[in-house]
Amino acid sequence: MSICILILPFLGFFTSNLFGRFLGVFGSCLLSTASILGAFLLSVIVFYEVNLCASPFTVIICDWFNNELFLTSWGFYFDTISCVMLLVVCGVSSLVHLYSIEYMSNDPHLTRFIGYLSLFTGFMVLLVTADNFIVMFLGWEGIGLASFLLIGFWYTRIQAGKAAIKAMLVNRVGDVGLALGICCVFITFKTVDYLTVFSLTSLAINEHFNFLCFELDKLTVISLVLFWGALGKSAQLGLHIWLPDAMEGPTPVSALIHAATLVTAGVFLMIRCCLLLENSNCLFLIALMGSLTAFFASTVGLVQNDLKRVIAFSTCSQLGYMVFAVGLSHYSIAFFHLSNHALFKALLFLSAGCVIHGISDEQNMLKMGGLIK
């Protein structure tokens with residue numbers, strides 16, 4: 001059952017993009033939406049088993065890398081954090097799929113669009129359920145690819161292409177940090193498995209890397225480079241520039257990227273690695289970066305005229321609050337706001353889409369004279 005949650009979104013993607021011309025628009029939309037709804041219903045059952053009955057479990061499918069010390073498997077860990085994320089991701093995504101069928105009904109490439117949405121959801125499910133850093137990194141890169149495809153969906157628009165390339169390049173900057181973090185984790189613990197790394201964290205306290213004749217605390221270095229990876233995905237100050245431009249994609253894309261998938265990945269990573277952060281010396285830096293981002297983004301959002309860009313800067317600001325809470329060691333509060341934000345931000349974007357659709361695709365708030373009607 002838990003494996004079906006992982007398979008169903010990818011099944012929706014492949015049926016829509018490989019057999020869309022045979023199934024037709026209605027058949028593709030029906031299959032993709034049904035697959036995500038099925039994944040959501042299974043997520044509810046897994047949530048009951050894991051969170052309410054207190055029985056987390058791990059599913060190992062097969063080995064992936066098996067080379068002397070480096071042993072990595074296709075493993076998926078279902079605990080309280082991942083099951084809540086499954087509800088958020090699959091729940092919001094299923095509603096966005098339903099919304100997209102009507103919102104994009106006049107688009108000739110609706111089949112391709114629905115398939116990309118399913119691909120996005122599938123990689124996010126892979127990210128939140130992985131039981132090691134390598135499988136998580138695969139999902140991390142996958143949502144970056146899916147965001148590129150969705151932001152640049154209207155590829156005949158020059159601005160959409162530019163926004164997609166900017167999102168891809170800025171996220172690559174953050175991904176360098178995550179890749180370095182995974183390397184540092186393996187050098188320190190000789191494994192990339194979550195449970196093993198977290199159980200050995202206390203043994204790595206006060207250990208040091210020798211880098212260019214400097215003694216660097218191992219856990220602090222690991223936490224810093226993992227936070228560097230989170231900076232790009234969660235659009236913190238300095239690497240936030242891609243987020244407002246991501247509005248060039250269709251409104252359902254904005255709802256999915258800003259609510260339940262891409263931007264929450266960085267915060268999820270920090271919450272997942274809370275044991276590493278707690279034993280490091282970089283929590284003050286994380287809190288400072290989160291507070292600066294929250295203040296800066298909300299201030300910039302006050303002077304925007306584009307309806308979707310205002311909500312985009314709101315997303316950036318709310319992510320700052322989550323990172324700030326992580327920096328204060330209040331991981332439960334950050335996680336609560338992550339799931340809370342996913343729901344209300346999806347509603348905000350979908351409502352904005354209805355408003356824009358209803359007044360002849362006008363996004364400038366200064367020109368919304370027909371809003372009263």
# chains A, B, ... in the order shown; residues from 1 in each chain; ligands from 1

$ residues_around --residues "A:Val197" --least-positions-apart "3" --cutoff "12 Å" --atoms "only C-alpha atoms" --output "NGL selection string"
:A and (131-133 or 182 or 184-194 or 200-204 or 219 or 222 or 272-276)

$ residues_around --residues "A:Val46" --least-positions-apart "6" --cutoff "12 Å" --atoms "only C-alpha atoms" --output "list in words"
Met1, Ser2, Ile3, Cys4, Ile5, Ala39, Phe40, Leu52, Cys53, Ala54, Ser55, Pro56, Phe57, Tyr77, Phe78, Asp79, Thr80, Ile81, Ser82, Cys83, Val84, Met85, Leu86, Leu87 and Thr129 of chain A

$ select_by_dssp --residues "stretch 300-335 of chain A" --states "alpha helix (DSSP H)" --output "list of chain:residue names"
A:Val300, A:Gly301, A:Leu307, A:Lys308, A:Arg309, A:Val310, A:Ile311, A:Ala312, A:Phe313, A:Ser314, A:Thr315, A:Cys316, A:Ser317, A:Gln318, A:Leu319, A:Gly320, A:Tyr321, A:Met322, A:Val323, A:Phe324, A:Ala325, A:Val326, A:Gly327, A:Tyr331, A:Ser332, A:Ile333, A:Ala334, A:Phe335

$ select_by_dssp --residues "stretch 170-343 of chain A" --states "strand (DSSP E or B)" --output "ChimeraX atom specification"
/A:193,208-211,214-217,306

$ residues_around --residues "A:Leu216" --least-positions-apart "4" --cutoff "12 Å" --atoms "only C-alpha atoms" --output "ChimeraX atom specification"
/A:184,205-212,220-222,224,280-281

$ write_last_selection --atoms "all heavy atoms" --output "tab-separated table (two decimals), in the first residue's frame"
chain	number	residue	atom	x	y	z
A	184	CYS	N	29.75	15.43	3.22
A	184	CYS	CA	30.25	15.61	4.59
A	184	CYS	C	29.61	14.60	5.55
A	184	CYS	O	30.28	14.09	6.46
A	184	CYS	CB	29.98	17.03	5.07
A	184	CYS	SG	30.95	18.30	4.24
A	205	ILE	N	30.00	14.92	18.20
A	205	ILE	CA	30.14	16.22	18.86
A	205	ILE	C	31.62	16.46	19.20
A	205	ILE	O	32.31	15.57	19.68
A	205	ILE	CB	29.27	16.28	20.13
A	205	ILE	CG1	27.79	16.14	19.76
A	205	ILE	CG2	29.50	17.57	20.89
A	205	ILE	CD1	26.86	16.04	20.95
A	206	ASN	N	32.07	17.66	18.93
A	206	ASN	CA	33.46	18.09	19.17
A	206	ASN	C	34.49	17.42	18.25
A	206	ASN	O	35.70	17.52	18.50
A	206	ASN	CB	33.86	17.85	20.63
A	206	ASN	CG	33.03	18.68	21.59
A	206	ASN	OD1	32.64	19.80	21.28
A	206	ASN	ND2	32.74	18.11	22.75
A	207	GLU	N	34.03	16.74	17.20
A	207	GLU	CA	34.95	16.25	16.18
A	207	GLU	C	35.15	17.34	15.13
A	207	GLU	O	34.27	18.18	14.92
A	207	GLU	CB	34.43	14.97	15.53
A	207	GLU	CG	34.47	13.76	16.44
A	207	GLU	CD	34.22	12.47	15.68
A	207	GLU	OE1	34.10	12.52	14.44
A	207	GLU	OE2	34.13	11.41	16.33
A	208	HIS	N	36.32	17.31	14.44
A	208	HIS	CA	36.65	18.42	13.54
A	208	HIS	C	37.16	17.92	12.19
A	208	HIS	O	37.75	16.84	12.09
A	208	HIS	CB	37.74	19.31	14.18
A	208	HIS	CG	37.30	19.99	15.44
A	208	HIS	ND1	37.39	19.38	16.67
A	208	HIS	CD2	36.75	21.22	15.65
A	208	HIS	CE1	36.92	20.20	17.60
A	208	HIS	NE2	36.53	21.32	17.01
A	209	PHE	N	36.85	18.73	11.16
A	209	PHE	CA	37.49	18.58	9.85
A	209	PHE	C	38.77	19.42	9.85
A	209	PHE	O	38.81	20.51	10.42
A	209	PHE	CB	36.59	19.10	8.72
A	209	PHE	CG	35.40	18.24	8.43
A	209	PHE	CD1	34.11	18.76	8.54
A	209	PHE	CD2	35.55	16.93	8.01
A	209	PHE	CE1	33.01	17.98	8.26
A	209	PHE	CE2	34.46	16.14	7.73
A	209	PHE	CZ	33.18	16.67	7.85
A	210	ASN	N	39.80	18.92	9.19
A	210	ASN	CA	41.02	19.71	8.99
A	210	ASN	C	40.99	20.23	7.56
A	210	ASN	O	41.23	19.50	6.60
A	210	ASN	CB	42.25	18.84	9.22
A	210	ASN	CG	43.52	19.68	9.25
A	210	ASN	OD1	43.49	20.87	8.98
A	210	ASN	ND2	44.64	19.04	9.58
A	211	PHE	N	40.68	21.53	7.41
A	211	PHE	CA	40.53	22.13	6.08
A	211	PHE	C	41.41	23.37	5.98
A	211	PHE	O	41.21	24.34	6.72
A	211	PHE	CB	39.05	22.50	5.83
A	211	PHE	CG	38.80	23.14	4.49
A	211	PHE	CD1	38.87	22.39	3.33
A	211	PHE	CD2	38.49	24.49	4.40
A	211	PHE	CE1	38.64	22.97	2.10
A	211	PHE	CE2	38.25	25.08	3.17
A	211	PHE	CZ	38.33	24.31	2.02
A	212	LEU	N	42.42	23.32	5.10
A	212	LEU	CA	43.36	24.43	4.90
A	212	LEU	C	43.96	24.90	6.23
A	212	LEU	O	44.01	26.10	6.55
A	212	LEU	CB	42.65	25.61	4.20
A	212	LEU	CG	42.14	25.35	2.78
A	212	LEU	CD1	41.43	26.58	2.25
A	212	LEU	CD2	43.28	24.95	1.86
A	220	THR	N	28.78	21.47	12.71
A	220	THR	CA	28.50	22.84	12.27
A	220	THR	C	28.66	22.97	10.76
A	220	THR	O	27.83	23.58	10.09
A	220	THR	CB	29.43	23.83	12.98
A	220	THR	OG1	29.24	23.72	14.40
A	220	THR	CG2	29.14	25.26	12.54
A	221	VAL	N	29.71	22.35	10.21
A	221	VAL	CA	29.93	22.40	8.76
A	221	VAL	C	28.79	21.69	8.03
A	221	VAL	O	28.24	22.21	7.04
A	221	VAL	CB	31.28	21.75	8.40
A	221	VAL	CG1	31.41	21.59	6.88
A	221	VAL	CG2	32.43	22.58	8.94
A	222	ILE	N	28.40	20.51	8.52
A	222	ILE	CA	27.30	19.77	7.89
A	222	ILE	C	26.01	20.59	7.92
A	222	ILE	O	25.29	20.71	6.92
A	222	ILE	CB	27.09	18.41	8.58
A	222	ILE	CG1	28.28	17.49	8.31
A	222	ILE	CG2	25.80	17.75	8.12
A	222	ILE	CD1	28.27	16.22	9.13
A	224	LEU	N	25.66	23.83	8.17
A	224	LEU	CA	25.77	25.03	7.32
A	224	LEU	C	25.54	24.70	5.85
A	224	LEU	O	24.83	25.41	5.15
A	224	LEU	CB	27.13	25.70	7.52
A	224	LEU	CG	27.29	26.56	8.78
A	224	LEU	CD1	28.73	27.04	8.92
A	224	LEU	CD2	26.33	27.75	8.74
A	280	SER	N	24.86	21.73	16.54
A	280	SER	CA	25.79	22.58	15.80
A	280	SER	C	25.78	23.99	16.40
A	280	SER	O	25.05	24.27	17.36
A	280	SER	CB	25.40	22.64	14.33
A	280	SER	OG	24.19	23.35	14.16
A	281	ASN	N	26.56	24.88	15.80
A	281	ASN	CA	26.65	26.26	16.30
A	281	ASN	C	26.08	27.27	15.30
A	281	ASN	O	26.49	28.42	15.29
A	281	ASN	CB	28.12	26.61	16.58
A	281	ASN	CG	28.73	25.70	17.63
A	281	ASN	OD1	28.10	25.41	18.64
A	281	ASN	ND2	29.95	25.23	17.38

$ closest_residue --among "A:Tyr103, A:Lys166, A:Thr15, A:Phe335" --to "A:Cys354" --atoms "only C-alpha atoms"
A:Tyr103

$ residues_around --residues "stretch 24-38 of chain A" --least-positions-apart "6" --cutoff "12 Å" --atoms "only C-alpha atoms" --output "PDB file with C-alpha atoms, in the first residue's frame"
ATOM      1  CA  MET A   1       0.000   0.000   0.000  1.00  0.00           C
ATOM      2  CA  SER A   2       2.777   2.440   0.898  1.00  0.00           C
ATOM      3  CA  CYS A   4       1.399   2.480  -4.275  1.00  0.00           C
ATOM      4  CA  ILE A   5       1.569   6.036  -2.879  1.00  0.00           C
ATOM      5  CA  LEU A   6       4.950   6.376  -4.612  1.00  0.00           C
ATOM      6  CA  ILE A   7       3.915   4.684  -7.859  1.00  0.00           C
ATOM      7  CA  LEU A   8       0.520   6.301  -8.544  1.00  0.00           C
ATOM      8  CA  PRO A   9       1.729   9.887  -9.322  1.00  0.00           C
ATOM      9  CA  PHE A  10       4.380   8.589 -11.749  1.00  0.00           C
ATOM     10  CA  LEU A  11       1.750   6.329 -13.308  1.00  0.00           C
ATOM     11  CA  GLY A  12      -0.407   9.406 -13.935  1.00  0.00           C
ATOM     12  CA  PHE A  13       2.566  11.175 -15.540  1.00  0.00           C
ATOM     13  CA  PHE A  14       3.466   8.321 -17.890  1.00  0.00           C
ATOM     14  CA  THR A  15      -0.113   7.651 -19.009  1.00  0.00           C
ATOM     15  CA  SER A  16      -0.729  11.340 -19.738  1.00  0.00           C
ATOM     16  CA  ASN A  17       2.512  12.002 -21.601  1.00  0.00           C
ATOM     17  CA  LEU A  18       3.002   8.698 -23.423  1.00  0.00           C
ATOM     18  CA  VAL A  44      -4.856   8.908   4.972  1.00  0.00           C
ATOM     19  CA  ILE A  45      -4.691   5.193   5.819  1.00  0.00           C
ATOM     20  CA  LEU A  86       2.114  13.045   2.408  1.00  0.00           C
ATOM     21  CA  LEU A  87      -1.314  14.339   3.436  1.00  0.00           C
ATOM     22  CA  VAL A  89       1.349  17.106  -0.743  1.00  0.00           C
ATOM     23  CA  CYS A  90      -1.210  14.631  -2.082  1.00  0.00           C
ATOM     24  CA  GLY A  91      -4.205  16.567  -0.691  1.00  0.00           C
ATOM     25  CA  VAL A  92      -3.246  19.937  -2.161  1.00  0.00           C
ATOM     26  CA  SER A  93      -2.048  18.348  -5.406  1.00  0.00           C
ATOM     27  CA  SER A  94      -5.317  16.466  -5.946  1.00  0.00           C
ATOM     28  CA  LEU A  95      -7.277  19.708  -5.549  1.00  0.00           C
ATOM     29  CA  VAL A  96      -4.893  21.552  -7.906  1.00  0.00           C
ATOM     30  CA  HIS A  97      -5.404  18.769 -10.480  1.00  0.00           C
ATOM     31  CA  LEU A  98      -9.181  19.179 -10.260  1.00  0.00           C
ATOM     32  CA  TYR A  99      -8.870  22.958 -10.524  1.00  0.00           C
ATOM     33  CA  SER A 100      -6.542  22.728 -13.530  1.00  0.00           C
ATOM     34  CA  ILE A 101      -8.989  20.689 -15.610  1.00  0.00           C
ATOM     35  CA  GLU A 102     -11.390  23.626 -15.800  1.00  0.00           C
ATOM     36  CA  MET A 104      -6.722  25.157 -18.426  1.00  0.00           C
ATOM     37  CA  SER A 105      -9.621  23.739 -20.478  1.00  0.00           C
ATOM     38  CA  ASN A 106      -8.899  26.047 -23.432  1.00  0.00           C
ATOM     39  CA  ASP A 107      -5.192  25.195 -23.561  1.00  0.00           C
ATOM     40  CA  PRO A 108      -4.270  22.809 -26.415  1.00  0.00           C
ATOM     41  CA  HIS A 109      -1.543  21.180 -24.287  1.00  0.00           C
ATOM     42  CA  LEU A 110      -3.640  20.351 -21.233  1.00  0.00           C
ATOM     43  CA  THR A 111      -2.593  16.677 -21.386  1.00  0.00           C
ATOM     44  CA  ARG A 112       1.084  17.594 -21.082  1.00  0.00           C
ATOM     45  CA  PHE A 113       0.331  20.050 -18.273  1.00  0.00           C
ATOM     46  CA  ILE A 114      -1.559  17.499 -16.174  1.00  0.00           C
ATOM     47  CA  GLY A 115       1.287  15.033 -16.673  1.00  0.00           C
ATOM     48  CA  TYR A 116       3.860  17.558 -15.432  1.00  0.00           C
ATOM     49  CA  LEU A 117       1.756  18.234 -12.327  1.00  0.00           C
ATOM     50  CA  SER A 118       1.715  14.493 -11.575  1.00  0.00           C
ATOM     51  CA  LEU A 119       5.488  14.305 -12.099  1.00  0.00           C
ATOM     52  CA  PHE A 120       5.965  17.189  -9.661  1.00  0.00           C
ATOM     53  CA  THR A 121       3.838  15.435  -7.045  1.00  0.00           C
ATOM     54  CA  GLY A 122       5.630  12.117  -7.571  1.00  0.00           C
ATOM     55  CA  VAL A 125       6.432  12.190  -2.460  1.00  0.00           C
TER      56      VAL A 125
END

$ residues_around --residues "A:Ser317" --least-positions-apart "3" --cutoff "8 Å" --atoms "only C-alpha atoms" --output "PDB file with all heavy atoms, in the first residue's frame"
ATOM      1  N   THR A 293      14.623  37.558   5.998  1.00  0.00           N
ATOM      2  CA  THR A 293      13.802  37.218   4.825  1.00  0.00           C
ATOM      3  C   THR A 293      12.338  37.576   5.054  1.00  0.00           C
ATOM      4  O   THR A 293      11.679  38.128   4.163  1.00  0.00           O
ATOM      5  CB  THR A 293      13.921  35.715   4.515  1.00  0.00           C
ATOM      6  OG1 THR A 293      15.290  35.382   4.325  1.00  0.00           O
ATOM      7  CG2 THR A 293      13.132  35.354   3.271  1.00  0.00           C
ATOM      8  N   ALA A 294      11.832  37.268   6.250  1.00  0.00           N
ATOM      9  CA  ALA A 294      10.426  37.575   6.549  1.00  0.00           C
ATOM     10  C   ALA A 294      10.158  39.072   6.453  1.00  0.00           C
ATOM     11  O   ALA A 294       9.152  39.508   5.871  1.00  0.00           O
ATOM     12  CB  ALA A 294      10.069  37.053   7.940  1.00  0.00           C
ATOM     13  N   PHE A 295      11.068  39.876   7.008  1.00  0.00           N
ATOM     14  CA  PHE A 295      10.880  41.331   6.989  1.00  0.00           C
ATOM     15  C   PHE A 295      11.043  41.891   5.579  1.00  0.00           C
ATOM     16  O   PHE A 295      10.229  42.692   5.103  1.00  0.00           O
ATOM     17  CB  PHE A 295      11.887  41.989   7.936  1.00  0.00           C
ATOM     18  CG  PHE A 295      11.793  43.491   7.958  1.00  0.00           C
ATOM     19  CD1 PHE A 295      10.770  44.126   8.626  1.00  0.00           C
ATOM     20  CD2 PHE A 295      12.715  44.267   7.277  1.00  0.00           C
ATOM     21  CE1 PHE A 295      10.673  45.512   8.633  1.00  0.00           C
ATOM     22  CE2 PHE A 295      12.635  45.641   7.272  1.00  0.00           C
ATOM     23  CZ  PHE A 295      11.605  46.274   7.953  1.00  0.00           C
ATOM     24  N   PHE A 296      12.093  41.466   4.877  1.00  0.00           N
ATOM     25  CA  PHE A 296      12.379  41.995   3.545  1.00  0.00           C
ATOM     26  C   PHE A 296      11.256  41.671   2.559  1.00  0.00           C
ATOM     27  O   PHE A 296      10.766  42.544   1.835  1.00  0.00           O
ATOM     28  CB  PHE A 296      13.704  41.417   3.044  1.00  0.00           C
ATOM     29  CG  PHE A 296      13.970  41.660   1.586  1.00  0.00           C
ATOM     30  CD1 PHE A 296      14.448  42.886   1.141  1.00  0.00           C
ATOM     31  CD2 PHE A 296      13.721  40.666   0.647  1.00  0.00           C
ATOM     32  CE1 PHE A 296      14.672  43.110  -0.203  1.00  0.00           C
ATOM     33  CE2 PHE A 296      13.953  40.881  -0.691  1.00  0.00           C
ATOM     34  CZ  PHE A 296      14.431  42.110  -1.123  1.00  0.00           C
ATOM     35  N   ALA A 297      10.829  40.395   2.525  1.00  0.00           N
ATOM     36  CA  ALA A 297       9.840  39.979   1.529  1.00  0.00           C
ATOM     37  C   ALA A 297       8.489  40.638   1.771  1.00  0.00           C
ATOM     38  O   ALA A 297       7.819  41.063   0.818  1.00  0.00           O
ATOM     39  CB  ALA A 297       9.704  38.456   1.551  1.00  0.00           C
ATOM     40  N   SER A 298       8.091  40.751   3.035  1.00  0.00           N
ATOM     41  CA  SER A 298       6.796  41.386   3.315  1.00  0.00           C
ATOM     42  C   SER A 298       6.835  42.869   2.967  1.00  0.00           C
ATOM     43  O   SER A 298       5.842  43.433   2.487  1.00  0.00           O
ATOM     44  CB  SER A 298       6.423  41.197   4.789  1.00  0.00           C
ATOM     45  OG  SER A 298       7.448  41.694   5.631  1.00  0.00           O
ATOM     46  N   PHE A 313       5.582  37.115  -2.864  1.00  0.00           N
ATOM     47  CA  PHE A 313       6.393  37.690  -1.790  1.00  0.00           C
ATOM     48  C   PHE A 313       5.827  37.308  -0.425  1.00  0.00           C
ATOM     49  O   PHE A 313       6.574  37.188   0.554  1.00  0.00           O
ATOM     50  CB  PHE A 313       6.483  39.201  -1.950  1.00  0.00           C
ATOM     51  CG  PHE A 313       7.520  39.645  -2.937  1.00  0.00           C
ATOM     52  CD1 PHE A 313       7.161  40.174  -4.163  1.00  0.00           C
ATOM     53  CD2 PHE A 313       8.873  39.505  -2.653  1.00  0.00           C
ATOM     54  CE1 PHE A 313       8.123  40.570  -5.088  1.00  0.00           C
ATOM     55  CE2 PHE A 313       9.840  39.890  -3.555  1.00  0.00           C
ATOM     56  CZ  PHE A 313       9.472  40.422  -4.783  1.00  0.00           C
ATOM     57  N   SER A 314       4.524  37.124  -0.352  1.00  0.00           N
ATOM     58  CA  SER A 314       3.928  36.621   0.889  1.00  0.00           C
ATOM     59  C   SER A 314       4.474  35.231   1.215  1.00  0.00           C
ATOM     60  O   SER A 314       4.800  34.925   2.369  1.00  0.00           O
ATOM     61  CB  SER A 314       2.405  36.576   0.752  1.00  0.00           C
ATOM     62  OG  SER A 314       1.827  35.770   1.754  1.00  0.00           O
ATOM     63  N   GLY A 320      10.253  32.618   5.587  1.00  0.00           N
ATOM     64  CA  GLY A 320      11.156  33.234   6.551  1.00  0.00           C
ATOM     65  C   GLY A 320      10.729  32.941   7.981  1.00  0.00           C
ATOM     66  O   GLY A 320      11.570  32.654   8.853  1.00  0.00           O
ATOM     67  N   TYR A 321       9.418  33.000   8.241  1.00  0.00           N
ATOM     68  CA  TYR A 321       8.914  32.666   9.590  1.00  0.00           C
ATOM     69  C   TYR A 321       9.259  31.225   9.954  1.00  0.00           C
ATOM     70  O   TYR A 321       9.637  30.922  11.092  1.00  0.00           O
ATOM     71  CB  TYR A 321       7.399  32.850   9.655  1.00  0.00           C
ATOM     72  CG  TYR A 321       6.940  34.285   9.659  1.00  0.00           C
ATOM     73  CD1 TYR A 321       5.991  34.727   8.735  1.00  0.00           C
ATOM     74  CD2 TYR A 321       7.444  35.200  10.580  1.00  0.00           C
ATOM     75  CE1 TYR A 321       5.558  36.044   8.725  1.00  0.00           C
ATOM     76  CE2 TYR A 321       7.020  36.506  10.584  1.00  0.00           C
ATOM     77  CZ  TYR A 321       6.083  36.931   9.654  1.00  0.00           C
ATOM     78  OH  TYR A 321       5.663  38.228   9.653  1.00  0.00           O
TER      79      TYR A 321
END

$ residues_around --residues "stretch 248-255 of chain A" --least-positions-apart "2" --cutoff "10 Å" --atoms "only C-alpha atoms" --output "JSON, numbers by chain"
{"A": [92, 93, 95, 96, 97, 98, 99, 100, 101, 103, 104, 113, 116, 117, 120, 147, 148, 149, 150, 151, 152, 153, 154, 155, 157, 158, 159, 160, 161, 162, 163, 164, 243, 244, 245, 246, 257, 258, 259, 260, 261, 308, 309, 311, 312, 342, 343, 344, 345, 346, 347, 348, 349, 350, 351, 352, 353, 354, 356, 357]}

$ atom_distance --atom1 "atom CA of A:Gly174" --atom2 "atom CA of A:Leu256"
20.3 Å

$ atom_distance --atom1 "atom CA of A:Phe70" --atom2 "atom CA of A:Thr196"
13.3 Å
